[in-house]
Amino acid sequence: MRLFTATMFSLILSAAVCGAPQQSPPAQPSPPAAPDMAAGKLVFEGRCALCHGIDGGGGRGPSLRRPKLAHAADDDALKSVIENGIQPDMPSAWYLSPEEIANVAAYVRAFGNVPPEVLPGDPVRGKAVYARSGCSACHILAGEGSGYGPELTEVGVRRGSSRLRETLQNPAKTIPEDFLLVEASTASGQTIRGIRLNEDTFTIQLRDQQGHLYSFRKSELSHLKKLRGESPMPAYGTTLSAAELDDLINFLAWQKGKP
Amino acid sequence: MKTTGQRFATFLLPLFFLSCSATLAQQVSFDRIVNADKEPGNWLTYSRDLQGHRFSPLTEINTQNVSRLKVKWAFQFPDERTEVSPIVIDNILYVTGPNAAAALDGRTGRSLWTWKRPIPSDYHSIGFGHTNRGPAVLEDKLFVATLDGYVVALDLRSGAERWSSKVIDYKTGYSMTMAPLAVDGKVVVGVSGGEAGIRGFIDAYDAKTGAQAWRFWTIPGPGEPGHETWSGDNWKTGGGATWVTGAYDPELKLVYWGVGNPGPDWNGDVRPGDNLYTCSFVALDAAIGKLRWYFQFSPHDTHDWDATHVPMLFDAQVGGAKRKLIAVANRNAFYYVLDRATGEFIAGKPYAKQTWAKGLDAKGRPIPAANSEPSKEGSLIWPNLNGATVWFSPSYDPQTGFVYVATREIGARYFKRDTPYKVGTFFPGGGEDELPPDDAWGAIKALQAESGELRWEFKLHSPPWAGVLSTAGGLVFSGSDEGNFYALDARTGKPLWDFQTGGAIGANPVSFTIDAHQCIAIAADRVLYVFGL
């Protein structure tokens, strides 16, 4: 097989999962028949799993385990994406019948069918916990804060409450795939710890906690260490009370992007 | 004092001779291609020479001055991610894209002519992107293979169509993406479609007329040797695509070509047997297309490890005797050396991480390891489906005796699933989940050509998609997926120069002269860059 490349798929990834504002699905006529999830699973595993992962968790293509897909705001859009593809990155499945497309669309949707959670805690109190815990020193939420760590404006879409709790209690366990802390020492003896913004074979770009940007040629560094498994975020499992943690998680779970 | 007539003659005569010499120069006889080393400033066939070396004898750019390399010009293609390897003849570059070709002025990059053939609205690439890896040239024609299944001969000087021949019906899953190989009056082409249940073949067409000269089916039909390695009707959908350009030995008059994976890719239950000639090299009599020998690297493949690689032909001492060799760094992570007259296995060893085989037996057949098959739950196996290297070219450097391979160090969880065959559709039988990017890396590896012993490696940030060029200037050029185009010392692997192109590089570099000065060209995403001192 000839292969799409990692880059092409990372392009799909960013194109498919970033950005689009949440939309209300348009009114739908009653479907003629309930989709056959088992049949949809078969099609998905045979034809889609190559890129999206056998369990929809993503691979060279994006994860589908999310309620909001940028290219498929509603079921009709999802069917259209499946049928026509996203050129040039995602091949079309034009050869599937409308029933097969409906089946696989239902199966894909099920990956993101996260039932609404009933969460303990209170989002208003959680907002106060967020403020006094200094989260905005490292995170941007709804346009406010500092962008050292990942933006949290849509964190409620990307993360369920259990994942949020896990991150707050032990940040190093849930580091996002593209988030890497790096320590670099220059020939003059300066050592910088920062988040990797980009990297290629010859260069690396970093941002430190104060927001300073650095660009190094690797050959000019005396030391470059990728601190895999380390997070600059403190663990809040012991510094916050159980009630404060519930409030903060409730607040973050509500962060679903701009209206 | 000259008369008007004399002045006219004085003015016109040089133009006339210039015109004649230009006409003669653009007649690319097969002898010129066979003797490519006599004109190192040109790049007359996919790998520069018919032996698949992708080595340039030019020395103007060398280890002492490569740090001064600069962009001379750039050309923007209309399509993303071009994989083209240009042909260069006497200061003109010939490039291709999906169903398109152009001639570019080597001094400026300005196009001299362009040609396009519409892509039918019901055409679909199954398992790959819309791409084309380059043209071929013979006499006064440029040859291009199209996605919708035609081989087209264009007038070298104008781009006008001389002839076109239908090779395949794209509606049944076939396509064409490779650069043709012009061999002694014929144009040899291969097909894509290994994920669509095609039955693969290699075709030759008369370069003058476009008439089909021969066809070699890579899946033997009933009554043919090798057919017994299939069962029932599964040979009809057995794959064996031939989507990368081969090599040619002008003395033995054999065409060498790599054959792709069997279909369905990841579920071998439905096709018991070795599934010849998938995942093999075949040596064909160039005159009649008959099989002289084959060597199968991955019998009964279930990992999508096509053997669609450019074969490298060279002679070397083996066991005290000079042998005619053919070598390949295979997608399955083993490097192989064979006798190119007979196909006899001579040497083989892994050149990248692999977990699927315990090793090779005395005849080069792999000894399978435990847990090396795709499964319902997923089996973690190295390399991943794209392999330890893929379609992009390796390079053989006769000065160092090294083969340079752009190597991918990446594993994946392989899954097996049922996929019913449906004409002209994706027929995979499973898939894979790649390991996360930070668990994968790449390298340019220098291997001793006749043994595969590692001589040096230069690590890359991620698994590469670009081919390798070596030069008599003591340099190795290649590109990274993050857009770095770079030069290494051919003897040590030490980096000597790099340039950020701004686009992922998934193409092969070439070298040639413009106005007698050496240039290096590489395509990065949709831009062709030409570098010089």
# chains A, B, ... in the order shown; residues from 1 in each chain; ligands from 1
>>> residues_around(residues="stretch 488-502 of chain B", least_positions_apart="3", cutoff="6 Å", atoms="only C-alpha atoms", output="VMD selection string")
chain B and resid 67 458 474 to 476 483 to 485
>>> write_last_selection(atoms="C-alpha atoms", output="PDB file, in the first residue's frame")
ATOM      1  CA  SER B  67      27.634  24.785   3.598  1.00  0.00           C
ATOM      2  CA  PHE B 458      22.199   9.759  11.181  1.00  0.00           C
ATOM      3  CA  GLY B 474      31.164  12.919  -0.993  1.00  0.00           C
ATOM      4  CA  LEU B 475      27.627  13.916  -0.015  1.00  0.00           C
ATOM      5  CA  VAL B 476      24.326  12.286   0.839  1.00  0.00           C
ATOM      6  CA  GLY B 483      10.767  19.995   6.015  1.00  0.00           C
ATOM      7  CA  ASN B 484      14.526  19.789   6.531  1.00  0.00           C
ATOM      8  CA  PHE B 485      16.522  19.233   3.353  1.00  0.00           C
TER       9      PHE B 485
END
>>> interface_residues(of="chain B", to="chain A", cutoff="8 Å", atoms="only C-alpha atoms", output="ChimeraX atom specification")
/B:124-130,193-195,260-261,304-306,386,391,415,417-419,425-436,459-462,465,480-484,498,504
>>> residues_around(residues="stretch 135-145 of chain B", least_positions_apart="3", cutoff="8 Å", atoms="only C-alpha atoms", output="JSON, numbers by chain")
{"B": [26, 27, 28, 29, 30, 44, 45, 46, 85, 86, 87, 94, 95, 96, 99, 101, 132, 149, 150, 151, 152, 153, 154, 155, 156, 157, 162, 176, 177, 178, 179, 180, 181, 182, 185, 187, 189, 207]}
>>> write_last_selection(atoms="N, CA and C atoms", output="tab-separated table (two decimals), in the first residue's frame")
chain	number	residue	atom	x	y	z
B	26	GLN	N	17.94	16.98	-27.88
B	26	GLN	CA	16.71	16.49	-27.28
B	26	GLN	C	16.32	15.11	-27.78
B	27	GLN	N	17.12	14.53	-28.65
B	27	GLN	CA	16.91	13.14	-29.02
B	27	GLN	C	17.63	12.28	-28.00
B	28	VAL	N	16.90	11.77	-27.04
B	28	VAL	CA	17.56	11.00	-25.98
B	28	VAL	C	17.53	9.53	-26.37
B	29	SER	N	18.61	9.13	-27.05
B	29	SER	CA	18.68	7.73	-27.47
B	29	SER	C	18.84	6.84	-26.25
B	30	PHE	N	18.50	5.55	-26.43
B	30	PHE	CA	18.67	4.63	-25.31
B	30	PHE	C	20.14	4.50	-24.93
B	44	LEU	N	18.63	11.37	-16.81
B	44	LEU	CA	17.85	10.90	-17.95
B	44	LEU	C	16.86	9.79	-17.63
B	45	THR	N	16.95	9.22	-16.44
B	45	THR	CA	15.98	8.18	-16.06
B	45	THR	C	15.75	8.29	-14.56
B	46	TYR	N	14.68	7.65	-14.08
B	46	TYR	CA	14.18	7.87	-12.71
B	46	TYR	C	15.30	7.91	-11.68
B	85	SER	N	10.25	13.01	-9.03
B	85	SER	CA	11.69	12.96	-9.25
B	85	SER	C	11.89	13.45	-10.69
B	86	PRO	N	12.39	14.68	-10.87
B	86	PRO	CA	12.44	15.25	-12.22
B	86	PRO	C	13.42	14.51	-13.14
B	87	ILE	N	13.15	14.63	-14.44
B	87	ILE	CA	14.12	14.29	-15.48
B	87	ILE	C	14.76	15.61	-15.91
B	94	TYR	N	11.98	18.32	-16.48
B	94	TYR	CA	10.66	17.79	-16.82
B	94	TYR	C	10.06	17.20	-15.54
B	95	VAL	N	8.89	17.70	-15.17
B	95	VAL	CA	8.27	17.28	-13.91
B	95	VAL	C	6.84	16.81	-14.19
B	96	THR	N	6.30	16.06	-13.22
B	96	THR	CA	4.92	15.58	-13.35
B	96	THR	C	4.17	15.81	-12.05
B	99	ASN	N	-1.81	13.36	-13.28
B	99	ASN	CA	-2.35	13.61	-14.62
B	99	ASN	C	-1.82	14.93	-15.20
B	101	ALA	N	2.01	17.27	-16.48
B	101	ALA	CA	3.45	17.32	-16.71
B	101	ALA	C	3.81	18.75	-17.12
B	132	ASN	N	2.08	11.59	-8.49
B	132	ASN	CA	2.83	11.01	-9.60
B	132	ASN	C	4.31	11.21	-9.31
B	149	GLY	N	-5.16	5.56	-15.57
B	149	GLY	CA	-4.76	4.33	-16.23
B	149	GLY	C	-4.24	4.42	-17.65
B	150	TYR	N	-3.71	5.54	-18.04
B	150	TYR	CA	-3.13	5.67	-19.38
B	150	TYR	C	-1.62	5.90	-19.27
B	151	VAL	N	-0.90	5.39	-20.23
B	151	VAL	CA	0.48	5.83	-20.41
B	151	VAL	C	0.45	6.74	-21.63
B	152	VAL	N	1.01	7.94	-21.44
B	152	VAL	CA	0.89	8.99	-22.45
B	152	VAL	C	2.30	9.40	-22.89
B	153	ALA	N	2.47	9.53	-24.21
B	153	ALA	CA	3.75	10.01	-24.76
B	153	ALA	C	3.55	11.45	-25.21
B	154	LEU	N	4.41	12.33	-24.68
B	154	LEU	CA	4.32	13.76	-25.01
B	154	LEU	C	5.54	14.15	-25.83
B	155	ASP	N	5.34	15.09	-26.73
B	155	ASP	CA	6.45	15.66	-27.48
B	155	ASP	C	7.33	16.43	-26.50
B	156	LEU	N	8.60	16.09	-26.49
B	156	LEU	CA	9.51	16.64	-25.50
B	156	LEU	C	9.60	18.16	-25.59
B	157	ARG	N	9.47	18.69	-26.79
B	157	ARG	CA	9.68	20.13	-26.97
B	157	ARG	C	8.43	20.98	-26.77
B	162	ARG	N	1.65	12.74	-28.30
B	162	ARG	CA	1.98	11.94	-29.48
B	162	ARG	C	1.09	10.70	-29.54
B	176	MET	N	-2.33	4.35	-11.59
B	176	MET	CA	-0.90	4.41	-11.92
B	176	MET	C	-0.30	5.69	-11.33
B	177	THR	N	0.80	5.53	-10.63
B	177	THR	CA	1.45	6.67	-9.98
B	177	THR	C	2.96	6.71	-10.22
B	178	MET	N	3.52	5.60	-10.72
B	178	MET	CA	5.00	5.54	-10.78
B	178	MET	C	5.54	6.22	-12.04
B	179	ALA	N	6.85	6.50	-11.99
B	179	ALA	CA	7.54	6.97	-13.19
B	179	ALA	C	7.80	5.75	-14.08
B	180	PRO	N	7.45	5.82	-15.37
B	180	PRO	CA	7.76	4.71	-16.26
B	180	PRO	C	9.28	4.52	-16.37
B	181	LEU	N	9.67	3.34	-16.88
B	181	LEU	CA	11.08	3.06	-17.13
B	181	LEU	C	11.24	2.82	-18.64
B	182	ALA	N	12.02	3.67	-19.29
B	182	ALA	CA	12.26	3.50	-20.72
B	182	ALA	C	13.42	2.55	-20.93
B	185	GLY	N	13.69	0.89	-26.48
B	185	GLY	CA	12.55	0.95	-27.40
B	185	GLY	C	11.20	0.71	-26.75
B	187	VAL	N	8.52	1.23	-23.16
B	187	VAL	CA	8.21	1.95	-21.93
B	187	VAL	C	7.57	0.95	-20.99
B	189	VAL	N	5.80	-0.04	-17.46
B	189	VAL	CA	5.00	0.61	-16.41
B	189	VAL	C	4.43	-0.45	-15.46
B	207	ALA	N	7.71	2.34	-27.56
B	207	ALA	CA	7.89	3.77	-27.30
B	207	ALA	C	7.49	4.63	-28.49
>>> select_by_dssp(residues="stretch 122-325 of chain B", states="strand (DSSP E or B)", output="number ranges by chain")
B: 136-139, 141-145, 150-155, 161-166, 175, 181-183, 186-190, 192, 199, 201-206, 212-217, 239, 247-249, 254-258, 262, 280-285, 291-296, 312-318, 321-325
>>> write_last_selection(atoms="C-alpha atoms", output="PDB file, in the first residue's frame")
ATOM      1  CA  ALA B 136      10.561   8.874 -18.352  1.00  0.00           C
ATOM      2  CA  VAL B 137      12.211   9.963 -21.582  1.00  0.00           C
ATOM      3  CA  LEU B 138      13.248   8.196 -24.776  1.00  0.00           C
ATOM      4  CA  GLU B 139      14.170   9.751 -28.142  1.00  0.00           C
ATOM      5  CA  LYS B 141       9.156  11.774 -26.146  1.00  0.00           C
ATOM      6  CA  LEU B 142       8.334  12.174 -22.482  1.00  0.00           C
ATOM      7  CA  PHE B 143       6.263   9.363 -20.952  1.00  0.00           C
ATOM      8  CA  VAL B 144       3.780   9.880 -18.139  1.00  0.00           C
ATOM      9  CA  ALA B 145       1.526   7.370 -16.372  1.00  0.00           C
ATOM     10  CA  TYR B 150      -3.130   5.673 -19.380  1.00  0.00           C
ATOM     11  CA  VAL B 151       0.476   5.830 -20.406  1.00  0.00           C
ATOM     12  CA  VAL B 152       0.888   8.987 -22.449  1.00  0.00           C
ATOM     13  CA  ALA B 153       3.747  10.007 -24.763  1.00  0.00           C
ATOM     14  CA  LEU B 154       4.322  13.757 -25.014  1.00  0.00           C
ATOM     15  CA  ASP B 155       6.448  15.658 -27.476  1.00  0.00           C
ATOM     16  CA  GLU B 161       0.399  14.407 -27.021  1.00  0.00           C
ATOM     17  CA  ARG B 162       1.978  11.937 -29.477  1.00  0.00           C
ATOM     18  CA  TRP B 163       0.045   8.879 -28.338  1.00  0.00           C
ATOM     19  CA  SER B 164      -1.772   7.493 -25.327  1.00  0.00           C
ATOM     20  CA  SER B 165      -2.507   3.871 -24.495  1.00  0.00           C
ATOM     21  CA  LYS B 166      -5.050   2.587 -22.037  1.00  0.00           C
ATOM     22  CA  SER B 175      -4.377   3.247 -10.888  1.00  0.00           C
ATOM     23  CA  LEU B 181      11.085   3.063 -17.131  1.00  0.00           C
ATOM     24  CA  ALA B 182      12.255   3.503 -20.722  1.00  0.00           C
ATOM     25  CA  VAL B 183      14.153   0.400 -21.814  1.00  0.00           C
ATOM     26  CA  LYS B 186       9.928   0.153 -24.776  1.00  0.00           C
ATOM     27  CA  VAL B 187       8.210   1.952 -21.934  1.00  0.00           C
ATOM     28  CA  VAL B 188       7.729  -0.285 -18.914  1.00  0.00           C
ATOM     29  CA  VAL B 189       5.003   0.608 -16.408  1.00  0.00           C
ATOM     30  CA  GLY B 190       3.476  -0.830 -13.258  1.00  0.00           C
ATOM     31  CA  SER B 192      -1.289   0.634  -8.191  1.00  0.00           C
ATOM     32  CA  ARG B 199      -4.534  -8.613 -10.053  1.00  0.00           C
ATOM     33  CA  PHE B 201       0.952  -6.803 -13.710  1.00  0.00           C
ATOM     34  CA  ILE B 202       3.900  -5.127 -15.393  1.00  0.00           C
ATOM     35  CA  ASP B 203       3.361  -3.845 -18.933  1.00  0.00           C
ATOM     36  CA  ALA B 204       5.672  -2.750 -21.749  1.00  0.00           C
ATOM     37  CA  TYR B 205       4.618  -0.470 -24.613  1.00  0.00           C
ATOM     38  CA  ASP B 206       6.370   0.319 -27.872  1.00  0.00           C
ATOM     39  CA  GLN B 212       1.448  -3.035 -26.045  1.00  0.00           C
ATOM     40  CA  ALA B 213       4.634  -5.136 -26.312  1.00  0.00           C
ATOM     41  CA  TRP B 214       4.040  -7.531 -23.422  1.00  0.00           C
ATOM     42  CA  ARG B 215       2.314  -8.034 -20.070  1.00  0.00           C
ATOM     43  CA  PHE B 216       3.593  -9.991 -17.074  1.00  0.00           C
ATOM     44  CA  TRP B 217       0.894 -10.886 -14.526  1.00  0.00           C
ATOM     45  CA  GLY B 239      -3.050  -7.766  -5.299  1.00  0.00           C
ATOM     46  CA  ALA B 247      15.842  -1.215 -12.799  1.00  0.00           C
ATOM     47  CA  TYR B 248      17.490  -2.712 -15.897  1.00  0.00           C
ATOM     48  CA  ASP B 249      20.724  -4.537 -16.639  1.00  0.00           C
ATOM     49  CA  LEU B 254      16.706  -8.133 -17.657  1.00  0.00           C
ATOM     50  CA  VAL B 255      14.144  -5.779 -16.164  1.00  0.00           C
ATOM     51  CA  TYR B 256      13.957  -5.991 -12.348  1.00  0.00           C
ATOM     52  CA  TRP B 257      10.723  -4.925 -10.659  1.00  0.00           C
ATOM     53  CA  GLY B 258       9.277  -5.046  -7.168  1.00  0.00           C
ATOM     54  CA  PRO B 262      -1.214  -9.660  -1.462  1.00  0.00           C
ATOM     55  CA  SER B 280       8.891 -10.371  -4.498  1.00  0.00           C
ATOM     56  CA  PHE B 281      11.433  -9.082  -6.964  1.00  0.00           C
ATOM     57  CA  VAL B 282      10.867 -10.453 -10.460  1.00  0.00           C
ATOM     58  CA  ALA B 283      13.490 -10.488 -13.236  1.00  0.00           C
ATOM     59  CA  LEU B 284      11.890 -10.307 -16.679  1.00  0.00           C
ATOM     60  CA  ASP B 285      13.340 -10.706 -20.159  1.00  0.00           C
ATOM     61  CA  LEU B 291       9.951 -14.434 -15.977  1.00  0.00           C
ATOM     62  CA  ARG B 292      13.617 -15.413 -15.579  1.00  0.00           C
ATOM     63  CA  TRP B 293      13.675 -15.623 -11.793  1.00  0.00           C
ATOM     64  CA  TYR B 294      11.890 -14.358  -8.715  1.00  0.00           C
ATOM     65  CA  PHE B 295      12.756 -13.966  -5.059  1.00  0.00           C
ATOM     66  CA  GLN B 296       9.988 -13.615  -2.485  1.00  0.00           C
ATOM     67  CA  MET B 312      20.040  -1.472  -6.821  1.00  0.00           C
ATOM     68  CA  LEU B 313      22.303  -3.329  -9.258  1.00  0.00           C
ATOM     69  CA  PHE B 314      26.069  -3.413  -8.661  1.00  0.00           C
ATOM     70  CA  ASP B 315      29.026  -5.766  -8.855  1.00  0.00           C
ATOM     71  CA  ALA B 316      31.078  -6.625  -5.776  1.00  0.00           C
ATOM     72  CA  GLN B 317      33.404  -9.234  -4.336  1.00  0.00           C
ATOM     73  CA  VAL B 318      31.536 -11.934  -2.467  1.00  0.00           C
ATOM     74  CA  ALA B 321      34.630 -13.800  -6.487  1.00  0.00           C
ATOM     75  CA  LYS B 322      33.187 -10.809  -8.298  1.00  0.00           C
ATOM     76  CA  ARG B 323      29.418 -11.216  -8.467  1.00  0.00           C
ATOM     77  CA  LYS B 324      26.630  -9.437 -10.313  1.00  0.00           C
ATOM     78  CA  LEU B 325      24.396  -8.385  -7.447  1.00  0.00           C
TER      79      LEU B 325
END
>>> residues_around(residues="B:Tyr414", least_positions_apart="2", cutoff="8 Å", atoms="only C-alpha atoms", output="VMD selection string")
chain B and resid 266 303 373 to 375 378 to 381 412 416 430 to 433
>>> write_last_selection(atoms="C-alpha atoms", output="PDB file, in the first residue's frame")
ATOM      1  CA  TRP B 266      -3.983  -7.971   6.805  1.00  0.00           C
ATOM      2  CA  HIS B 303       1.503  -6.713   7.047  1.00  0.00           C
ATOM      3  CA  GLU B 373       0.429 -11.968  12.820  1.00  0.00           C
ATOM      4  CA  PRO B 374      -2.375  -9.392  12.930  1.00  0.00           C
ATOM      5  CA  SER B 375      -5.092 -10.451  15.368  1.00  0.00           C
ATOM      6  CA  GLY B 378      -4.236  -6.269  17.911  1.00  0.00           C
ATOM      7  CA  SER B 379      -0.627  -7.477  17.797  1.00  0.00           C
ATOM      8  CA  LEU B 380       2.262  -5.100  18.488  1.00  0.00           C
ATOM      9  CA  ILE B 381       4.777  -5.622  15.672  1.00  0.00           C
ATOM     10  CA  ALA B 412       2.118  -0.626  15.280  1.00  0.00           C
ATOM     11  CA  LYS B 416      -7.253  -8.548  11.428  1.00  0.00           C
ATOM     12  CA  GLY B 430      -7.835  -5.122   8.964  1.00  0.00           C
ATOM     13  CA  GLY B 431      -5.585  -2.238   9.795  1.00  0.00           C
ATOM     14  CA  GLU B 432      -3.181  -0.875  12.346  1.00  0.00           C
ATOM     15  CA  ASP B 433      -2.811   1.641  15.137  1.00  0.00           C
TER      16      ASP B 433
END
>>> residues_around(residues="A:Arg159", least_positions_apart="5", cutoff="9 Å", atoms="only C-alpha atoms", output="list in words")
Arg66, Glu154, Leu164 and Ala253 of chain A
>>> write_last_selection(atoms="C-alpha atoms", output="PDB file, in the first residue's frame")
ATOM      1  CA  ARG A  66     -15.587  13.000  21.021  1.00  0.00           C
ATOM      2  CA  GLU A 154     -12.936  23.784  25.363  1.00  0.00           C
ATOM      3  CA  LEU A 164     -10.089  16.028  34.613  1.00  0.00           C
ATOM      4  CA  ALA A 253     -16.494  20.348  32.614  1.00  0.00           C
TER       5      ALA A 253
END
>>> residues_around(residues="A:Arg193", least_positions_apart="5", cutoff="10 Å", atoms="only C-alpha atoms", output="ChimeraX atom specification")
/A:181-185,206-209,224-227,232
>>> residues_around(residues="A:Gly237", least_positions_apart="4", cutoff="9 Å", atoms="only C-alpha atoms", output="list in words")
Arg165, Glu166, Leu168, Gln169, Asn170, Ser241, Ala242 and Leu245 of chain A
>>> write_last_selection(atoms="N, CA and C atoms", output="PDB file, in the first residue's frame")
ATOM      1  N   ARG A 165     -10.286  14.906  36.733  1.00  0.00           N
ATOM      2  CA  ARG A 165      -9.899  14.599  38.117  1.00  0.00           C
ATOM      3  C   ARG A 165      -8.495  13.978  38.154  1.00  0.00           C
ATOM      4  N   GLU A 166      -8.274  13.032  37.227  1.00  0.00           N
ATOM      5  CA  GLU A 166      -6.979  12.361  37.170  1.00  0.00           C
ATOM      6  C   GLU A 166      -5.862  13.388  36.920  1.00  0.00           C
ATOM      7  N   LEU A 168      -5.891  16.652  37.540  1.00  0.00           N
ATOM      8  CA  LEU A 168      -5.689  17.549  38.680  1.00  0.00           C
ATOM      9  C   LEU A 168      -4.952  16.836  39.812  1.00  0.00           C
ATOM     10  N   GLN A 169      -5.216  15.549  39.976  1.00  0.00           N
ATOM     11  CA  GLN A 169      -4.565  14.815  41.065  1.00  0.00           C
ATOM     12  C   GLN A 169      -3.141  14.395  40.708  1.00  0.00           C
ATOM     13  N   ASN A 170      -2.957  14.052  39.431  1.00  0.00           N
ATOM     14  CA  ASN A 170      -1.615  13.586  39.012  1.00  0.00           C
ATOM     15  C   ASN A 170      -1.369  14.000  37.563  1.00  0.00           C
ATOM     16  N   SER A 241      -9.246  20.698  48.863  1.00  0.00           N
ATOM     17  CA  SER A 241     -10.111  19.753  49.572  1.00  0.00           C
ATOM     18  C   SER A 241     -10.932  18.976  48.555  1.00  0.00           C
ATOM     19  N   ALA A 242     -11.542  17.896  48.993  1.00  0.00           N
ATOM     20  CA  ALA A 242     -12.367  17.088  48.093  1.00  0.00           C
ATOM     21  C   ALA A 242     -13.493  17.925  47.501  1.00  0.00           C
ATOM     22  N   LEU A 245     -12.131  20.315  44.887  1.00  0.00           N
ATOM     23  CA  LEU A 245     -11.806  19.563  43.667  1.00  0.00           C
ATOM     24  C   LEU A 245     -13.074  19.302  42.850  1.00  0.00           C
TER      25      LEU A 245
END
>>> select_by_dssp(residues="stretch 93-185 of chain A", states="helix (DSSP H, G or I)", output="ChimeraX atom specification")
/A:98-112,123-132,135-137,155-158,161-169,171-174
>>> atom_distance(atom1="atom CA of B:Asn267", atom2="atom CA of B:Ile367")
19.3 Å
>>> atom_distance(atom1="atom CA of B:Tyr404", atom2="atom CA of B:Ala74")
26.6 Å
>>> closest_residue(among="A:Pro234, A:Asp36, A:Tyr148, A:Ala70", to="A:Leu213", atoms="only C-alpha atoms")
A:Tyr148
>>> decode(residues="stretch 172-183 of chain A", atoms="C-alpha atoms", output="mmCIF file, in the first residue's frame")
data_model
loop_
_atom_site.group_PDB
_atom_site.id
_atom_site.type_symbol
_atom_site.label_atom_id
_atom_site.label_comp_id
_atom_site.auth_asym_id
_atom_site.auth_seq_id
_atom_site.Cartn_x
_atom_site.Cartn_y
_atom_site.Cartn_z
ATOM 1 C CA ALA A 172 2.113 13.702 34.879
ATOM 2 C CA LYS A 173 -0.151 10.722 34.213
ATOM 3 C CA THR A 174 -2.305 12.461 31.626
ATOM 4 C CA ILE A 175 0.067 14.610 29.615
ATOM 5 C CA PRO A 176 -1.361 15.327 26.140
ATOM 6 C CA GLU A 177 0.476 13.563 23.297
ATOM 7 C CA ASP A 178 1.869 16.778 21.814
ATOM 8 C CA PHE A 179 2.791 18.442 25.135
ATOM 9 C CA LEU A 180 6.404 17.893 26.109
ATOM 10 C CA LEU A 181 8.532 19.542 28.792
ATOM 11 C CA VAL A 182 12.128 19.998 27.676
ATOM 12 C CA GLU A 183 15.350 21.042 29.388
#
